[in-house]
Every structure is written in structure tokens, then in C-alpha cells.
Amino acid sequence: MIPADKHSLRTRLLARRDALSEAERVEMSRRITERVMSLVEFQRASTLLLFASFGTEVDTWPLMRKILQMGNRLLLPAVCRRSRCMHLRHVQDVYRDLQPGVWGIMEPTEHCVQMQPSELDFVLLPGVAFDTFGGRLGYGGGYYDRLLLQLAEQKPEAALVAVAFETQIVPKVPVGPTDLPVPTIVTEKRIIT
């Protein structure tokens, strides 16, 4: 029953997020970025994994540029559909080092150095829906679920933070036995821990 529940919730929440105006998304993304930057875990991190936002997601581009300005290491995922995994690559310039990848999402080029999950201090997670218990519903590929399992083994102290608009917070996300909770979720209105 969980796959059907997840599909239904994913469809509803994507439509809800898509219904936000561009002006609303820009302002809410700005507030979310400020909240993320206020986190002690963010301020202490030297190697951070973000995602290049696309479509109606929370805009992560200003945060990526800020990390580079601060002199920290910025990693972005490059999806390998064949092996159903993500390669974490070190990005030094968000304009020069990225190209459209799987599903049109901007990804690091192959000349960007690949790094291991054990090197991460901070991970910013995307998602479609979240609940206040740390439940996360992704896009259905399982890429981040596999990364979270690797991190639990290799670097359990890495900070895991999800970003979402408040409209993406629901009472309960259907989770299965392999779904790991997200300890911190940042919206434009609050920080949920």
C-alpha cells in the first residue's frame, strides 16, 4: 500500500508546489536560505553537498554561490542511471562546472573531482513532502535514500538538512522500512528538528 500512498501524495504535493507564484518562491527561498545559513551545523561545515534546484524547488543557487564565496568545498550530485547511484563531485564554479544531466537537472561535469560520502560535513536534501517527524518523500528514484544509508555507515555525524516550502509539510509521510528520517527540515516559516 505504501507505493500507492507515496505516488498519490507526490502528485498532490508537486501540484501544490507548482501552484506557488514565482514571486512567492523567490521570497520564500530567500528566507529558507537565511535560516539554513543560521544553522550551527552549516556554519561549522567545510565540505557541503547541495543540489542544483530545478523547476519549482526551493532555489539553492544563491546558497551554492555563498558557499563558494566563503571558501568552503561545494559538492553536487551527478546521477548515474545505469548503476542507480549518485557521484558526488567537487564544484568550483557553478557556471563553468555544470551542465544539464539526467532529467535536465544541472550536474557537475566529469572533470569535477569525485569525492566520497565520508568527506561530507553537511548535506542539503531535496524532497516533495515532509512531516514533522522527519519523514521525507523524494521523487521516487531512491538516489538520496541510498546516499543516506551510505552516510549512516561512513559519516553518521554529517548534518542532514532538508529544505521545503511550508506547503510541502504534511501530517504524515508514508514511510517504508528503508526510509531514513531527516533530523532537520527548514521552511520559510520555521526550522523543524
# chains A, B, ... in the order shown; residues from 1 in each chain; ligands from 1
>>> residues_around(residues="Ala45 of chain A", least_positions_apart="3", cutoff="7 Å", atoms="only C-alpha atoms", output="NGL selection string")
:A and (41-42 or 48 or 121-122)
>>> write_last_selection(atoms="N, CA, C and O atoms", output="PDB file, in the first residue's frame")
ATOM      1  N   GLU A  41      25.336  23.902  12.321  1.00  0.00           N
ATOM      2  CA  GLU A  41      25.896  22.828  11.501  1.00  0.00           C
ATOM      3  C   GLU A  41      26.400  23.354  10.155  1.00  0.00           C
ATOM      4  O   GLU A  41      27.415  22.897   9.649  1.00  0.00           O
ATOM      5  N   PHE A  42      25.679  24.312   9.605  1.00  0.00           N
ATOM      6  CA  PHE A  42      26.102  24.923   8.339  1.00  0.00           C
ATOM      7  C   PHE A  42      27.361  25.749   8.561  1.00  0.00           C
ATOM      8  O   PHE A  42      28.315  25.671   7.789  1.00  0.00           O
ATOM      9  N   LEU A  48      30.315  20.653   1.890  1.00  0.00           N
ATOM     10  CA  LEU A  48      28.861  20.638   1.872  1.00  0.00           C
ATOM     11  C   LEU A  48      28.338  20.080   0.558  1.00  0.00           C
ATOM     12  O   LEU A  48      28.829  20.442  -0.520  1.00  0.00           O
ATOM     13  N   ASP A 121      30.403  17.070   5.556  1.00  0.00           N
ATOM     14  CA  ASP A 121      30.046  17.608   6.876  1.00  0.00           C
ATOM     15  C   ASP A 121      28.570  17.985   6.928  1.00  0.00           C
ATOM     16  O   ASP A 121      27.966  18.003   7.999  1.00  0.00           O
ATOM     17  N   PHE A 122      28.013  18.333   5.766  1.00  0.00           N
ATOM     18  CA  PHE A 122      26.668  18.901   5.703  1.00  0.00           C
ATOM     19  C   PHE A 122      26.025  18.461   4.397  1.00  0.00           C
ATOM     20  O   PHE A 122      26.657  18.532   3.345  1.00  0.00           O
TER      21      PHE A 122
END
>>> closest_atom_pairs(of="segment 139-169 of chain A", to="segment 76-82 of chain A", cutoff="10 Å", atoms="only C-alpha atoms", output="JSON lines")
{"residue": "A:Gly141", "atom": "CA", "partner": "A:Arg81", "partner_atom": "CA", "distance": 9.5}
{"residue": "A:Tyr143", "atom": "CA", "partner": "A:Val79", "partner_atom": "CA", "distance": 8.0}
{"residue": "A:Tyr144", "atom": "CA", "partner": "A:Pro77", "partner_atom": "CA", "distance": 9.7}
>>> write_last_selection(atoms="all heavy atoms", output="compact mmCIF listing (two decimals), in the first residue's frame")
# COMPACT_ATOMS: atom_id res chain seq x y z
N GLY A 141 13.16 7.92 -7.12
CA GLY A 141 14.29 7.18 -7.68
C GLY A 141 15.13 6.46 -6.64
O GLY A 141 15.88 5.55 -6.97
N TYR A 143 17.67 7.67 -5.04
CA TYR A 143 19.07 8.08 -5.06
C TYR A 143 19.52 8.63 -3.70
O TYR A 143 20.58 8.26 -3.19
CB TYR A 143 19.31 9.12 -6.16
CG TYR A 143 19.14 8.57 -7.54
CD1 TYR A 143 17.94 8.70 -8.23
CD2 TYR A 143 20.18 7.89 -8.16
CE1 TYR A 143 17.78 8.18 -9.51
CE2 TYR A 143 20.04 7.36 -9.44
CZ TYR A 143 18.83 7.51 -10.10
OH TYR A 143 18.69 6.98 -11.35
N TYR A 144 18.71 9.51 -3.13
CA TYR A 144 19.09 10.08 -1.83
C TYR A 144 18.91 9.07 -0.71
O TYR A 144 19.66 9.09 0.26
CB TYR A 144 18.29 11.37 -1.55
CG TYR A 144 18.90 12.56 -2.25
CD1 TYR A 144 18.47 12.95 -3.51
CD2 TYR A 144 19.93 13.29 -1.66
CE1 TYR A 144 19.05 14.03 -4.17
CE2 TYR A 144 20.52 14.36 -2.31
CZ TYR A 144 20.07 14.73 -3.55
OH TYR A 144 20.65 15.80 -4.20
>>> residues_around(residues="Gln116 of chain A", least_positions_apart="2", cutoff="10 Å", atoms="only C-alpha atoms", output="number ranges by chain")
A: 87-89, 114, 118-120, 150-151, 154
>>> residues_around(residues="Gly104 of chain A", least_positions_apart="3", cutoff="10 Å", atoms="only C-alpha atoms", output="list in words")
Phe54, Gly55, Gln99, Pro100, Gly101 and Glu107 of chain A
>>> write_last_selection(atoms="N, CA and C atoms", output="tab-separated table (two decimals), in the first residue's frame")
chain	number	residue	atom	x	y	z
A	54	PHE	N	15.81	22.82	-9.48
A	54	PHE	CA	15.22	22.95	-10.81
A	54	PHE	C	13.71	23.10	-10.64
A	55	GLY	N	13.08	23.62	-11.68
A	55	GLY	CA	11.62	23.77	-11.64
A	55	GLY	C	11.17	24.64	-10.48
A	99	GLN	N	26.50	21.23	-16.20
A	99	GLN	CA	25.86	21.01	-17.49
A	99	GLN	C	24.55	20.27	-17.24
A	100	PRO	N	23.60	20.34	-18.17
A	100	PRO	CA	22.35	19.58	-17.98
A	100	PRO	C	22.64	18.08	-17.94
A	101	GLY	N	22.06	17.42	-16.95
A	101	GLY	CA	22.25	15.99	-16.80
A	101	GLY	C	20.93	15.26	-16.93
A	107	GLU	N	24.17	19.33	-13.43
A	107	GLU	CA	25.06	18.43	-12.71
A	107	GLU	C	26.51	18.80	-13.00
>>> select_by_dssp(residues="segment 14-163 of chain A", states="strand (DSSP E)", output="PyMOL selection string")
chain A and resi 47-49+73-80+85-91+98-100+106-108+114-115+122-125+129-130+136-137+159-163
>>> write_last_selection(atoms="C-alpha atoms", output="PDB file, in the first residue's frame")
ATOM      1  CA  THR A  47      32.505  20.265   2.843  1.00  0.00           C
ATOM      2  CA  LEU A  48      28.861  20.638   1.872  1.00  0.00           C
ATOM      3  CA  LEU A  49      26.671  18.666  -0.515  1.00  0.00           C
ATOM      4  CA  ARG A  73      34.039  22.899  -0.653  1.00  0.00           C
ATOM      5  CA  LEU A  74      30.804  22.590  -2.598  1.00  0.00           C
ATOM      6  CA  LEU A  75      29.769  19.173  -3.844  1.00  0.00           C
ATOM      7  CA  LEU A  76      26.857  18.445  -6.152  1.00  0.00           C
ATOM      8  CA  PRO A  77      25.459  15.082  -7.237  1.00  0.00           C
ATOM      9  CA  ALA A  78      25.805  13.643 -10.706  1.00  0.00           C
ATOM     10  CA  VAL A  79      23.273  10.872 -11.287  1.00  0.00           C
ATOM     11  CA  CYS A  80      24.333   7.621 -12.895  1.00  0.00           C
ATOM     12  CA  CYS A  85      23.672   5.949  -7.774  1.00  0.00           C
ATOM     13  CA  MET A  86      24.951   9.487  -7.387  1.00  0.00           C
ATOM     14  CA  HIS A  87      28.559  10.549  -7.812  1.00  0.00           C
ATOM     15  CA  LEU A  88      29.469  13.438  -5.528  1.00  0.00           C
ATOM     16  CA  ARG A  89      31.619  15.922  -7.410  1.00  0.00           C
ATOM     17  CA  HIS A  90      33.554  18.970  -6.214  1.00  0.00           C
ATOM     18  CA  VAL A  91      32.303  22.135  -7.955  1.00  0.00           C
ATOM     19  CA  LEU A  98      27.768  22.406 -14.543  1.00  0.00           C
ATOM     20  CA  GLN A  99      25.857  21.014 -17.492  1.00  0.00           C
ATOM     21  CA  PRO A 100      22.353  19.580 -17.981  1.00  0.00           C
ATOM     22  CA  MET A 106      22.241  20.768 -13.772  1.00  0.00           C
ATOM     23  CA  GLU A 107      25.062  18.430 -12.712  1.00  0.00           C
ATOM     24  CA  PRO A 108      28.834  18.662 -12.355  1.00  0.00           C
ATOM     25  CA  GLN A 114      34.655  12.836  -7.418  1.00  0.00           C
ATOM     26  CA  MET A 115      34.544  12.659  -3.612  1.00  0.00           C
ATOM     27  CA  PHE A 122      26.668  18.901   5.703  1.00  0.00           C
ATOM     28  CA  VAL A 123      24.035  17.574   3.277  1.00  0.00           C
ATOM     29  CA  LEU A 124      21.136  19.619   1.925  1.00  0.00           C
ATOM     30  CA  LEU A 125      18.309  17.328   0.829  1.00  0.00           C
ATOM     31  CA  ALA A 129       6.879  16.144   1.017  1.00  0.00           C
ATOM     32  CA  PHE A 130       7.980  16.085   4.642  1.00  0.00           C
ATOM     33  CA  ARG A 136      10.720  12.510   3.690  1.00  0.00           C
ATOM     34  CA  LEU A 137       9.136  11.699   0.357  1.00  0.00           C
ATOM     35  CA  ALA A 159      24.422  17.145   9.324  1.00  0.00           C
ATOM     36  CA  LEU A 160      21.341  16.264   7.252  1.00  0.00           C
ATOM     37  CA  VAL A 161      19.052  19.181   6.460  1.00  0.00           C
ATOM     38  CA  ALA A 162      16.092  19.223   4.096  1.00  0.00           C
ATOM     39  CA  VAL A 163      14.615  22.366   2.571  1.00  0.00           C
TER      40      VAL A 163
END
>>> closest_residue(among="A:Val128, A:Leu147, A:Gly142, A:Ile32", to="Gly176 of chain A", atoms="only C-alpha atoms")
A:Gly142
>>> closest_atom_pairs(of="segment 10-60 of chain A", to="segment 179-190 of chain A", cutoff="10 Å", atoms="only C-alpha atoms", output="Markdown table")
| residue | atom | partner | partner_atom | distance |
| --- | --- | --- | --- | --- |
| A:Arg25 | CA | A:Glu188 | CA | 9.7 |
| A:Glu27 | CA | A:Glu188 | CA | 8.6 |
| A:Met28 | CA | A:Glu188 | CA | 5.2 |
| A:Ser29 | CA | A:Glu188 | CA | 7.0 |
| A:Arg30 | CA | A:Glu188 | CA | 8.0 |
| A:Arg31 | CA | A:Glu188 | CA | 5.2 |
| A:Ile32 | CA | A:Glu188 | CA | 4.8 |
| A:Thr33 | CA | A:Glu188 | CA | 8.5 |
| A:Glu34 | CA | A:Glu188 | CA | 9.0 |
| A:Arg35 | CA | A:Val186 | CA | 7.0 |
| A:Val36 | CA | A:Val186 | CA | 6.8 |
| A:Leu39 | CA | A:Val186 | CA | 9.8 |
| A:Val58 | CA | A:Thr187 | CA | 9.2 |
>>> residues_around(residues="Thr132 of chain A", least_positions_apart="6", cutoff="9 Å", atoms="only C-alpha atoms", output="list in words")
Ile169, Val170, Pro171, Lys172, Ile185, Ile192 and Thr193 of chain A
>>> write_last_selection(atoms="all heavy atoms", output="CSV table (one decimal), in the first residue's frame")
chain,number,residue,atom,x,y,z
A,169,ILE,N,4.8,20.5,3.8
A,169,ILE,CA,4.8,19.8,5.1
A,169,ILE,C,3.4,19.3,5.3
A,169,ILE,O,2.4,20.0,5.2
A,169,ILE,CB,5.1,20.8,6.3
A,169,ILE,CG1,6.5,21.5,6.1
A,169,ILE,CG2,5.1,20.0,7.6
A,169,ILE,CD1,7.7,20.6,5.9
A,170,VAL,N,3.3,18.0,5.5
A,170,VAL,CA,2.1,17.3,5.7
A,170,VAL,C,2.0,16.6,7.1
A,170,VAL,O,3.1,16.4,7.7
A,170,VAL,CB,1.9,16.2,4.6
A,170,VAL,CG1,1.8,16.9,3.2
A,170,VAL,CG2,3.0,15.2,4.6
A,171,PRO,N,0.8,16.2,7.5
A,171,PRO,CA,0.8,15.5,8.8
A,171,PRO,C,1.6,14.2,8.9
A,171,PRO,O,2.3,14.0,9.9
A,171,PRO,CB,-0.7,15.2,9.0
A,171,PRO,CG,-1.4,16.2,8.1
A,171,PRO,CD,-0.5,16.4,7.0
A,172,LYS,N,1.6,13.4,7.9
A,172,LYS,CA,2.4,12.1,7.9
A,172,LYS,C,2.8,11.7,6.5
A,172,LYS,O,1.9,11.6,5.7
A,172,LYS,CB,1.5,11.1,8.6
A,172,LYS,CG,2.3,9.8,8.9
A,172,LYS,CD,3.2,9.9,10.1
A,172,LYS,CE,3.9,8.5,10.3
A,172,LYS,NZ,5.3,8.6,10.1
A,185,ILE,N,14.5,20.0,9.1
A,185,ILE,CA,13.8,20.5,7.9
A,185,ILE,C,13.6,22.0,8.0
A,185,ILE,O,13.1,22.5,9.1
A,185,ILE,CB,12.4,19.8,7.7
A,185,ILE,CG1,12.6,18.3,7.7
A,185,ILE,CG2,11.7,20.3,6.5
A,185,ILE,CD1,11.3,17.5,8.0
A,192,ILE,N,12.3,22.8,11.7
A,192,ILE,CA,11.7,21.6,12.3
A,192,ILE,C,12.9,20.6,12.7
A,192,ILE,O,13.6,20.2,11.8
A,192,ILE,CB,10.7,20.9,11.4
A,192,ILE,CG1,9.6,21.9,11.0
A,192,ILE,CG2,10.1,19.7,12.1
A,192,ILE,CD1,8.8,21.4,9.8
A,193,THR,N,13.0,20.3,14.0
A,193,THR,CA,14.0,19.3,14.4
A,193,THR,C,13.4,18.2,15.1
A,193,THR,O,12.3,18.3,15.7
A,193,THR,CB,15.1,20.0,15.3
A,193,THR,OG1,14.4,20.6,16.4
A,193,THR,CG2,15.9,21.0,14.6
